[in-house]
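Report on one structure; see the data block that follows.
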Protein chains: 4
Amino acid sequence: MMRVAILHGAGYVGRKLIEQVLAHPHLELTLVTSRSHDGEPLWKAHSHLRGVTDLTFTSSFVPDVDVVFIAAGHGQGAKAAGEIRDQGYQNLIVDMSADFRLPDAATYEKRYGAPHPRPDLLKDAWYGLPEITGPPPAGTKLIANPGCFASAISLALHPLSKAGLVNPVSVLALTGASGSGAQAKETTHFPSRSGNVRAYKVFDHQHEAEIDRMAPGLTYSFVPASGPWTDGIWGVAQFELTPSDLKKAGISSVRELYEQAYGSSPLIRLWNNQLPELHWSVGSAFTDLGWTQKGSHVAIGFAIDNLLKGAATQAIQNTNLALGFAETTGLV
Amino acid sequence: MMRVAILHGAGYVGRKLIEQVLAHPHLELTLVTSRSHDGEPLWKAHSHLRGVTDLTFTSSFVPDVDVVFIAAGHGQGAKAAGEIRDQGYQNLIVDMSADFRLPDAATYEKRYGAPHPRPDLLKDAWYGLPEITGPPPAGTKLIANPGCFASAISLALHPLSKAGLVNPVSVLALTGASGSGAQAKETTHFPSRSGNVRAYKVFDHQHEAEIDRMAPGLTYSFVPASGPWTDGIWGVAQFELTPSDLKKAGISSVRELYEQAYGSSPLIRLWNNQLPELHWSVGSAFTDLGWTQKGSHVAIGFAIDNLLKGAATQAIQNTNLALGFAETTGLV
Amino acid sequence: MMRVAILHGAGYVGRKLIEQVLAHPHLELTLVTSRSHDGEPLWKAHSHLRGVTDLTFTSSFVPDVDVVFIAAGHGQGAKAAGEIRDQGYQNLIVDMSADFRLPDAATYEKRYGAPHPRPDLLKDAWYGLPEITGPPPAGTKLIANPGCFASAISLALHPLSKAGLVNPVSVLALTGASGSGAQAKETTHFPSRSGNVRAYKVFDHQHEAEIDRMAPGLTYSFVPASGPWTDGIWGVAQFELTPSDLKKAGISSVRELYEQAYGSSPLIRLWNNQLPELHWSVGSAFTDLGWTQKGSHVAIGFAIDNLLKGAATQAIQNTNLALGFAETTGLV
Amino acid sequence: MMRVAILHGAGYVGRKLIEQVLAHPHLELTLVTSRSHDGEPLWKAHSHLRGVTDLTFTSSFVPDVDVVFIAAGHGQGAKAAGEIRDQGYQNLIVDMSADFRLPDAATYEKRYGAPHPRPDLLKDAWYGLPEITGPPPAGTKLIANPGCFASAISLALHPLSKAGLVNPVSVLALTGASGSGAQAKETTHFPSRSGNVRAYKVFDHQHEAEIDRMAPGLTYSFVPASGPWTDGIWGVAQFELTPSDLKKAGISSVRELYEQAYGSSPLIRLWNNQLPELHWSVGSAFTDLGWTQKGSHVAIGFAIDNLLKGAATQAIQNTNLALGFAETTGLV
């Protein structure tokens with residue numbers, strides 16, 4: 001059993017990580033930190049865990065673990081990683097924040113509007129979206145876990161980028177309220193959210209910087225929106241595709257493109273001539289990808305659980321690969 | 001046309017009052033205050049009103065109106081009422097806050113945990129729940145509009161109190177998220193509210209002080225709860241009733257009790273052998289009351305729109321009665 | 001007062017029409033038909049109408065009215081229109097079904113999979129989407145009220161078509177469950193609908209035939225989807241637009257395009273640099289249209305209430321224009 | 001590993017049983033029947049199971065298993081049990097239908113309005129609500145799994161019955177839409193269910209016959225209602241309790257009563273001075289029970305997942321006990 005610590009474990013991503021680690025056959029949860037809940041049982045923050053685990057939150061990290069998950073917001077992730085490295089912790093860190101997802105400190109500052117807290121650690125970071133990047137190289141000790149929109153959209157667009165398609169792609173994706181975190185906000189106020197849809201950061205979402213890494217060269221536009229549900233991201237990418245485009249790309253069909261890219265990925269489900277429903281992936285570690293074509297019109301549909309494939313189960317996937325377990329261990 | 005001002009008009013009750021006044025044949029909306037939206041058109045706070053009215057919020061009251069509605073929280077209502085009285089405004093005030101609902105300053109302080117802001121005005125206040133209290137006496141210039149739970153539960157329990165029934169009554173009522181106001185709160189955070197039910201202030205809701213006035217002498221217990229919807233209060237009052245209880249009360253049936261009490265009330269709909277659904281009253285000025293009996297078990301079901309009968313349309317009802325219009329003017 | 005009959009009035013569109021007619025200053029509701037509710041008060045189908053109107057459903061039409069609204073599904077609309085014409089009714093018919101929306105019987109049969117029930121009446125029909133088609137010509141006696149998706153998307157795309165823009169437009173739009181009607185279906189089963197999004201009829205929705213009429217020559221693709229709410233359509237149209245495209249179209253900006261098209265339409269609200277929220281238009285007769293541009297990416301956002309602008313209030317708008325009332329009478 | 005078959009496995013209870021069996025360390029799912037899905041993979045009915053299991057539905061039962069779960073509606077459960085017994089299957093049956101929950105065929109016929117399909121099997125049936133009934137006696141081969149409302153309410157009322165309390169208890173409980181099954185119905189039509197609450201079968205729910213078995217002698221009234229969510233039952237039992245009542249019952253407090261009854265039950269969580277929220281138990285095998293007292297007023301709050309403790313996990317709990325595994329195996 002590998003010993004696991006979760007830092008900043010009182011939020012929604014922390015909650016899902018706790019559940020995933022408790023359910024994993026080779027991981028043992030030994031420590032969860034939270035300043036605001038220091039000394040309290042985990043169920044004070046996550047009521048449904050009462051009777052499931054007797055662990056209590058602590059505010060101090062002890063470095064006798066094999067894996068550390070950091071479930072903090074941007075800015076806080078690098079800070080926490082730096083602190084435990086300074087404390088002498090040398091083993092694997094999987095950071096859920098945005099802090100190690102971008103290639104350099106300048107890009108980070110531009111997107112997140114503040115200097116990178118620990119630029120010295122950036123060179124060690126591996127951006128881990130396993131179905132695109134593959135497993136982390138041997139010796140990787142710092143994994144940047146992708147953003148939720150970034151995971152879903154990169155997986156939808158990567159095959160188009162790889163095939164060199166040049167027609168612009170329009171993406172509209174909707175996310176649930178858990179993506180905004182456990183703190184109440186105006187945008188998650190029930191009367192404003194229920195029965196409503198709202199676009200935000202149109203053409204300007206910070207996850208575009210990650211998508212740019214995973215689908216280089218592709219022209220796409222992205223309209224993010226919030227939908228009236230708690231968990232899950234659902235969206236559609238639309239573009240035009242002619243027989244001549246296919247010929248240039250050296251493929252016979254959209255289906256071939258996606259089957260080549262993901263046919264052997266155990267956590268991607270492909271749906272031919274069908275766009276996935278949001279429900280299918282909510283609560284699971286799977287990414288659902290489907291497509292429909294009529295004449296030159298193509299739609300790629302995608303769905304993930306924003307807190308699972310968009311956070312906690314992808315972290316486990318990355319950890320499995322880093323530690324040499326089968327990729328799906330504890331996930332299916 | 002009577003000229004109307006709404007103070008503190010940027011919240012949910014303000015929104016509904018604006019709509020009601022705009023739709024009323026004899027009322028003309030001339031002024032809406034909001035400190036946070038001073039100088040902005042009303043639709044900056046209430047987007048759906050764009051194109052409907054060109055009024056802008058102001059921060060200063062001008063006393064050339066015939067009716068003032070105060071849509072403030074407790075403590076703020078009496079403060080605002082005091083200020084406009086001090087400014088010389090002598091016409092009708094309808095206050096939506098809790099500040100003038102209780103008979104004296106001591107009861108107020110006990111329930112609301114702070115001294116009454118303007119005890120000097122208390123003696124002028126009329127508690128207006130028209131189907132129970134009737135119209136305000138001639139010359140009434142200050143009407144306390146009842147609380148939302150208080151309106152629904154008082155209407156359900158008043159006939160039992162009047163009949164002198166002595167068996168204890170158990171009340172469970174659920175309210176929507178708009179009852180918590182327009183500010184985001186932990187209890188209205190979408191992920192916590194959607195798909196959830198939560199009891200709160202069990203046996204200790206502040207509206208009990210109002211119910212005690214409208215259903216004196218009745219033994220009841222009240223469990224308030226919050227439900228996963230935006231608008232509406234729905235609940236059930238259960239009690240035991242034997243033939244001997246009926247005989248003591250001098251009535252032949254539950255039906256007779258409610259038909260005697262409300263048979264001529266134009267804004268109460270009675271449902272025999274049926275409990276009302278929440279949907280029936282949402283969006284309307286009506287109170288729905290129904291009953292079912294089996295052996296000695298009796299259930300009284302009730303439903304109102306918490307922002308309408310529980311606030312804005314009841315305020316219009318009170319205003320109609322105070323100004324000499326038909327009770328339902330502008331409401332049906 | 002003009003006398004009004006509503007045929008097939010027990011469904012959701014019928015419900016909204018009843019409310020609109022009752023609220024209209026120049027219309028008087030005299031007759032509502034429903035075979036399944038014959039002889040029952042309207043509130044047996046529409047509970048919230050109890051206490052509001054004493055009308056009862058009837059199963060037989062009497063032609064002494066000035067306007068007939070037909071709130072039937074496709075196939076039934078033309079049948080009902082034919083029957084009352086055969087009965088001698090000569091005044092205005094506003095049909096909410098799809099039956100008179102397409103220019104000829106062949107197109108109808110292709111889209112709806114059955115021969116047109118009354119092709120003889122097609123030549124008299126006027127397709128009424130007032131902000132695009134203008135008022136019906138004098139003497140119009142049969143108005144085809146547009147489909148809900150068709151109304152929203154046509155209004156969003158018409159200015160692009162008119163300007164002769166040639167880049168393909170990707171449309172994704174989501175509709176609420178009331179669009180499926182009052183009968184329970186698998187797709188509106190609460191456990192399947194709540195927290196879910198589902199695309200359907202991808203690139204093949206029957207309303208495309210209407211959009212083709214209102215935005216001729218435009219290349220667009222349309223992905224319809226169902227969302228977890230009751231009322232409202234919300235969507236986004238995305239396309240690429242370069243300075244050279246603008247020049248060819250003879251306009252300076254997207255804003256100019258939409259302000260020219262709808263600046264004087266009293267029931268369209270334009271939002272510059274902002275996409276509208278679904279909530280803004282739900283419950284209202286307005287269409288909300290907004291846009292955002294970044295580089296060559298353009299997003300046009302649109303929102304309507306599918307049962308109001310997508311059905312009942314558009315029918316009133318058409319009726320106002322046909323009868324010579326101001327377009328917004330009874331609507332704002 | 002014990003081999004498991006699930007009959008009628010295409011509905012909601014079947015879905016949850018499939019998930020529970022797949023996650024159980026000592027159970028192996030070998031066969032799932034469904035007439036309507038015969039020959040199809042399980043994910044054709046339960047999309048989220050694609051990639052999780054390769055099993056296909058079959059329409060014929062092969063008796064080489066150790067446990068059979070029957071996930072059928074009332075009438076169908078006994079029929080299926082009879083058929084496999086007639087086929088020679090002799091091992092454990094856990095029936096989720098109502099058919100073996102009542103003590104005799106006459107009570108069954110009275111409650112369910114039809115003769116019992118297999119009264120010959122009734123004498124072998126064990127009603128298994130483990131926290132009240134304890135484990136099934138050695139040799140039990142037919143377990144009747146309790147109803148969802150019956151499970152929650154029996155657990156809330158049993159201690160009161162056991163203590164001989166005589167004051168009447170008022171119960172109001174609300175259930176989610178999944179309790180109505182996978183078939184679309186008028187009561188689960190999204191527009192009718194969302195934002196609505198509806199009481200039904202007031203004082204006349206069929207589960208009362210089960211509650212009567214688990215809380216004998218207690219006077220209670222039960223108002224069932226449907227709420228706008230998918231999974232979960234939440235309710236409150238209210239009653240009056242004086243010091244003299246406690247004395248007669250030989251206990252010092254409500255707390256003592258519930259701690260004595262359930263203090264050692266691993267799947268019941270007790271909440272002192274607090275009523276549980278619905279969310280806490282949804283998705284889990286736990287029953288949450290809490291209480292609040294003020295003066296003589298007592299409220300007992302309860303919450304379960306209707307498809308888990310109200311069906312699938314309770315079936316696993318019963319199976320664990322019947323087969324000699326620890327009660328919580330596979331559940332926590």
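Letters for chains follow the order of the structure tokens (A, B, ...), residue numbers begin at 1 for each chain, and ligand numbers begin at 1 in the order shown.
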
Near chain A, 12 Å: chain B residue rows, closest pairs, only C-alpha atoms, as a tab-separated table:
```
residue	atom	partner	partner_atom	distance
B:Tyr12	CA	A:Pro191	CA	9.9
B:His46	CA	A:Ser192	CA	11.4
B:Ser47	CA	A:Ser192	CA	11.6
B:Gly176	CA	A:Pro191	CA	8.8
B:Ala177	CA	A:Pro191	CA	6.3
B:Ser178	CA	A:Pro191	CA	6.1
B:Gly179	CA	A:Pro191	CA	9.7
B:Ser180	CA	A:Pro191	CA	9.6
B:Gly181	CA	A:Pro191	CA	9.1
B:Ala182	CA	A:Pro191	CA	8.0
B:Gln183	CA	A:Glu186	CA	7.1
B:Ala184	CA	A:His189	CA	5.0
B:Lys185	CA	A:Ala184	CA	5.7
B:Glu186	CA	A:Ala184	CA	5.3
B:Thr187	CA	A:Ala184	CA	8.3
B:Thr188	CA	A:Phe190	CA	5.3
B:His189	CA	A:Ala184	CA	5.0
B:Phe190	CA	A:Phe190	CA	4.7
B:Pro191	CA	A:Thr230	CA	5.3
B:Ser192	CA	A:Ala182	CA	8.8
B:Arg193	CA	A:Phe190	CA	7.0
B:Ser194	CA	A:Thr230	CA	7.6
B:Gly195	CA	A:Thr230	CA	9.5
B:Asn196	CA	A:Thr230	CA	11.8
B:Ser226	CA	A:Phe190	CA	11.8
B:Gly227	CA	A:Phe190	CA	10.8
B:Pro228	CA	A:Phe190	CA	8.4
B:Trp229	CA	A:Pro191	CA	7.8
B:Thr230	CA	A:Pro191	CA	5.3
B:Asp231	CA	A:Pro191	CA	8.4
B:Gly232	CA	A:Pro191	CA	11.9
```

Taking a cut-off of 6 Å and counting only C-alpha atoms, can you build a table that, for each residue of stretch 165-248 of chain C near stretch 135-154 of chain C, reports the nearest atom pair and how far apart they are in Å (one decimal), sorted by chain then residue number, as a Markdown table?
```
| residue | atom | partner | partner_atom | distance |
| --- | --- | --- | --- | --- |
| C:His207 | CA | C:Ala150 | CA | 5.3 |
| C:Glu210 | CA | C:Ala150 | CA | 6.0 |
| C:Ile211 | CA | C:Ser154 | CA | 5.2 |
| C:Met214 | CA | C:Ser154 | CA | 5.7 |
```

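Of the residues under consideration (C:Ala106, C:Ala80, C:Ile304, C:Val52), C:Val52 shows the shortest atom-to-atom contact distance to B:Ile268 when counting only C-alpha atoms.
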
Run DSSP on the backbone and give me the residues of stretch 18-154 of chain C it puts in alpha helix (DSSP H), as a count of residues only. 36

I'd like to know which residues of stretch 45-114 of chain C are strand (DSSP E) (by DSSP, run on the backbone); could you write them as number ranges by chain? C: 57-58, 67-70, 92-95

For A:Leu49, list every protein, DNA or RNA residue within 10 Å, evaluated using only C-alpha atoms, and leave out those in the same chain fewer than 2 positions away; present the list as a ChimeraX atom specification. /A:15,18-19,41-47,51-55 /D:280-281,284,332

Atomic separation - atom CA of B:Trp234 relative to atom CA of B:Val282, Å: 9.9 Å

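In this comparison, which uses only C-alpha atoms, the residue of D:Thr56, D:Thr107, D:Ser97, D:Thr287 approaching D:Ala71 most closely is D:Ser97.
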
10 Å contact set for A:Arg35, only C-alpha atoms, chain neighbours under 2 positions out, as a ChimeraX atom specification: /A:7-10,33,37-39,57-60

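Taking atom CA of B:Arg85 and atom CA of B:Gly330 as the two end points, the separation is 27.7 Å.
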
Could you give me, as a PyMOL selection string, the residues within 12 Å of D:Ile70, counting only C-alpha atoms and dropping anything in the same chain fewer than 3 positions from it? chain D and resi 4-11+13-15+17-18+31-34+61+67+73-84+92-100+142-145+311-312+315

Non-local contacts of stretch 298-303 of chain A (6 Å; only C-alpha atoms; under 4 positions in same chain excluded) as JSON, numbers by chain: {"A": [233, 234, 235, 236, 237, 238, 239, 275, 278, 288, 289, 290, 291, 292, 293]}

Okay, now the selection with C-alpha atoms, as a PDB file, in the first residue's frame?
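After the write, out-v7.pdb holds the following:
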```pdb
ATOM      1  CA  ILE A 233     -19.331  19.036 -18.487  1.00  0.00           C
ATOM      2  CA  TRP A 234     -21.145  18.571 -21.771  1.00  0.00           C
ATOM      3  CA  GLY A 235     -20.338  20.201 -25.065  1.00  0.00           C
ATOM      4  CA  VAL A 236     -20.176  20.056 -28.814  1.00  0.00           C
ATOM      5  CA  ALA A 237     -17.440  20.991 -31.305  1.00  0.00           C
ATOM      6  CA  GLN A 238     -18.749  21.788 -34.782  1.00  0.00           C
ATOM      7  CA  PHE A 239     -16.808  22.216 -38.005  1.00  0.00           C
ATOM      8  CA  LEU A 275     -23.449  12.451 -29.328  1.00  0.00           C
ATOM      9  CA  LEU A 278     -24.165  14.237 -19.966  1.00  0.00           C
ATOM     10  CA  ASP A 288     -17.545   9.979 -23.626  1.00  0.00           C
ATOM     11  CA  LEU A 289     -16.863  11.150 -27.180  1.00  0.00           C
ATOM     12  CA  GLY A 290     -19.227  10.812 -30.115  1.00  0.00           C
ATOM     13  CA  TRP A 291     -19.757  12.248 -33.552  1.00  0.00           C
ATOM     14  CA  THR A 292     -22.413  12.883 -36.169  1.00  0.00           C
ATOM     15  CA  GLN A 293     -21.847  13.942 -39.759  1.00  0.00           C
TER      16      GLN A 293
END
```

Selection: 8 Å around stretch 219-222 of chain A, only C-alpha atoms, excl. self and same-chain fewer than 6 positions, as a PyMOL selection string: (chain A and resi 166-173+202-205) or (chain C and resi 297)

I need the chosen residues saved as a short mmCIF file (atom, residue, chain, number, x, y, z; two decimals), in the first residue's frame, with all heavy atoms.
```
data_model
loop_
_atom_site.label_atom_id
_atom_site.label_comp_id
_atom_site.auth_asym_id
_atom_site.auth_seq_id
_atom_site.Cartn_x
_atom_site.Cartn_y
_atom_site.Cartn_z
N VAL A 166 -7.81 22.18 -41.01
CA VAL A 166 -7.63 23.63 -40.97
C VAL A 166 -8.92 24.43 -40.85
O VAL A 166 -8.89 25.64 -40.62
CB VAL A 166 -6.85 24.13 -42.20
CG1 VAL A 166 -5.43 23.54 -42.20
CG2 VAL A 166 -7.58 23.77 -43.47
N ASN A 167 -10.07 23.80 -40.99
CA ASN A 167 -11.31 24.56 -40.85
C ASN A 167 -11.53 24.94 -39.40
O ASN A 167 -11.27 24.13 -38.50
CB ASN A 167 -12.49 23.74 -41.36
CG ASN A 167 -12.40 23.51 -42.85
OD1 ASN A 167 -11.83 24.32 -43.57
ND2 ASN A 167 -12.91 22.38 -43.32
N PRO A 168 -12.02 26.13 -39.15
CA PRO A 168 -12.21 26.54 -37.76
C PRO A 168 -13.27 25.68 -37.07
O PRO A 168 -14.26 25.27 -37.69
CB PRO A 168 -12.65 28.00 -37.87
CG PRO A 168 -13.12 28.18 -39.26
CD PRO A 168 -12.39 27.18 -40.11
N VAL A 169 -13.04 25.46 -35.79
CA VAL A 169 -13.92 24.62 -34.98
C VAL A 169 -14.60 25.50 -33.93
O VAL A 169 -13.93 26.26 -33.23
CB VAL A 169 -13.12 23.50 -34.28
CG1 VAL A 169 -14.03 22.61 -33.45
CG2 VAL A 169 -12.34 22.68 -35.30
N SER A 170 -15.93 25.38 -33.85
CA SER A 170 -16.69 26.13 -32.84
C SER A 170 -17.02 25.22 -31.68
O SER A 170 -17.68 24.19 -31.89
CB SER A 170 -18.01 26.63 -33.43
OG SER A 170 -17.77 27.49 -34.52
N VAL A 171 -16.63 25.61 -30.49
CA VAL A 171 -16.90 24.78 -29.32
C VAL A 171 -17.82 25.54 -28.36
O VAL A 171 -17.57 26.71 -28.06
CB VAL A 171 -15.59 24.42 -28.58
CG1 VAL A 171 -15.89 23.54 -27.37
CG2 VAL A 171 -14.60 23.75 -29.51
N LEU A 172 -18.87 24.86 -27.95
CA LEU A 172 -19.71 25.39 -26.87
C LEU A 172 -19.78 24.30 -25.82
O LEU A 172 -20.11 23.15 -26.14
CB LEU A 172 -21.11 25.73 -27.38
CG LEU A 172 -22.16 26.18 -26.34
CD1 LEU A 172 -21.70 27.39 -25.54
CD2 LEU A 172 -23.49 26.50 -27.02
N ALA A 173 -19.42 24.62 -24.58
CA ALA A 173 -19.45 23.61 -23.52
C ALA A 173 -20.07 24.20 -22.27
O ALA A 173 -19.86 25.38 -21.96
CB ALA A 173 -18.04 23.10 -23.23
N VAL A 202 -16.40 34.46 -22.57
CA VAL A 202 -16.56 34.03 -23.96
C VAL A 202 -15.27 34.30 -24.74
O VAL A 202 -14.76 35.43 -24.72
CB VAL A 202 -17.76 34.75 -24.61
CG1 VAL A 202 -17.88 34.39 -26.08
CG2 VAL A 202 -19.04 34.40 -23.86
N PHE A 203 -14.75 33.30 -25.39
CA PHE A 203 -13.48 33.37 -26.15
C PHE A 203 -12.30 33.73 -25.26
O PHE A 203 -11.25 34.11 -25.75
CB PHE A 203 -13.58 34.38 -27.31
CG PHE A 203 -14.69 34.12 -28.27
CD1 PHE A 203 -15.44 35.16 -28.81
CD2 PHE A 203 -15.00 32.81 -28.66
CE1 PHE A 203 -16.46 34.92 -29.73
CE2 PHE A 203 -16.03 32.56 -29.57
CZ PHE A 203 -16.76 33.61 -30.10
N ASP A 204 -12.45 33.62 -23.96
CA ASP A 204 -11.37 34.08 -23.08
C ASP A 204 -11.23 33.24 -21.81
O ASP A 204 -10.88 33.76 -20.75
CB ASP A 204 -11.62 35.56 -22.71
CG ASP A 204 -10.36 36.23 -22.19
OD1 ASP A 204 -9.27 35.86 -22.67
OD2 ASP A 204 -10.46 37.10 -21.30
N HIS A 205 -11.49 31.95 -21.90
CA HIS A 205 -11.38 31.11 -20.71
C HIS A 205 -9.91 30.72 -20.49
O HIS A 205 -9.21 30.39 -21.44
CB HIS A 205 -12.26 29.86 -20.87
CG HIS A 205 -12.48 29.13 -19.58
ND1 HIS A 205 -11.55 28.29 -19.02
CD2 HIS A 205 -13.52 29.14 -18.72
CE1 HIS A 205 -12.01 27.79 -17.88
NE2 HIS A 205 -13.22 28.30 -17.66
N HIS C 297 -13.38 35.63 -34.23
CA HIS C 297 -14.44 34.80 -33.65
C HIS C 297 -15.64 35.66 -33.26
O HIS C 297 -15.48 36.64 -32.54
CB HIS C 297 -13.97 34.09 -32.38
CG HIS C 297 -12.77 33.22 -32.57
ND1 HIS C 297 -12.49 32.53 -33.72
CD2 HIS C 297 -11.77 32.90 -31.70
CE1 HIS C 297 -11.37 31.84 -33.58
NE2 HIS C 297 -10.91 32.05 -32.37
#
```
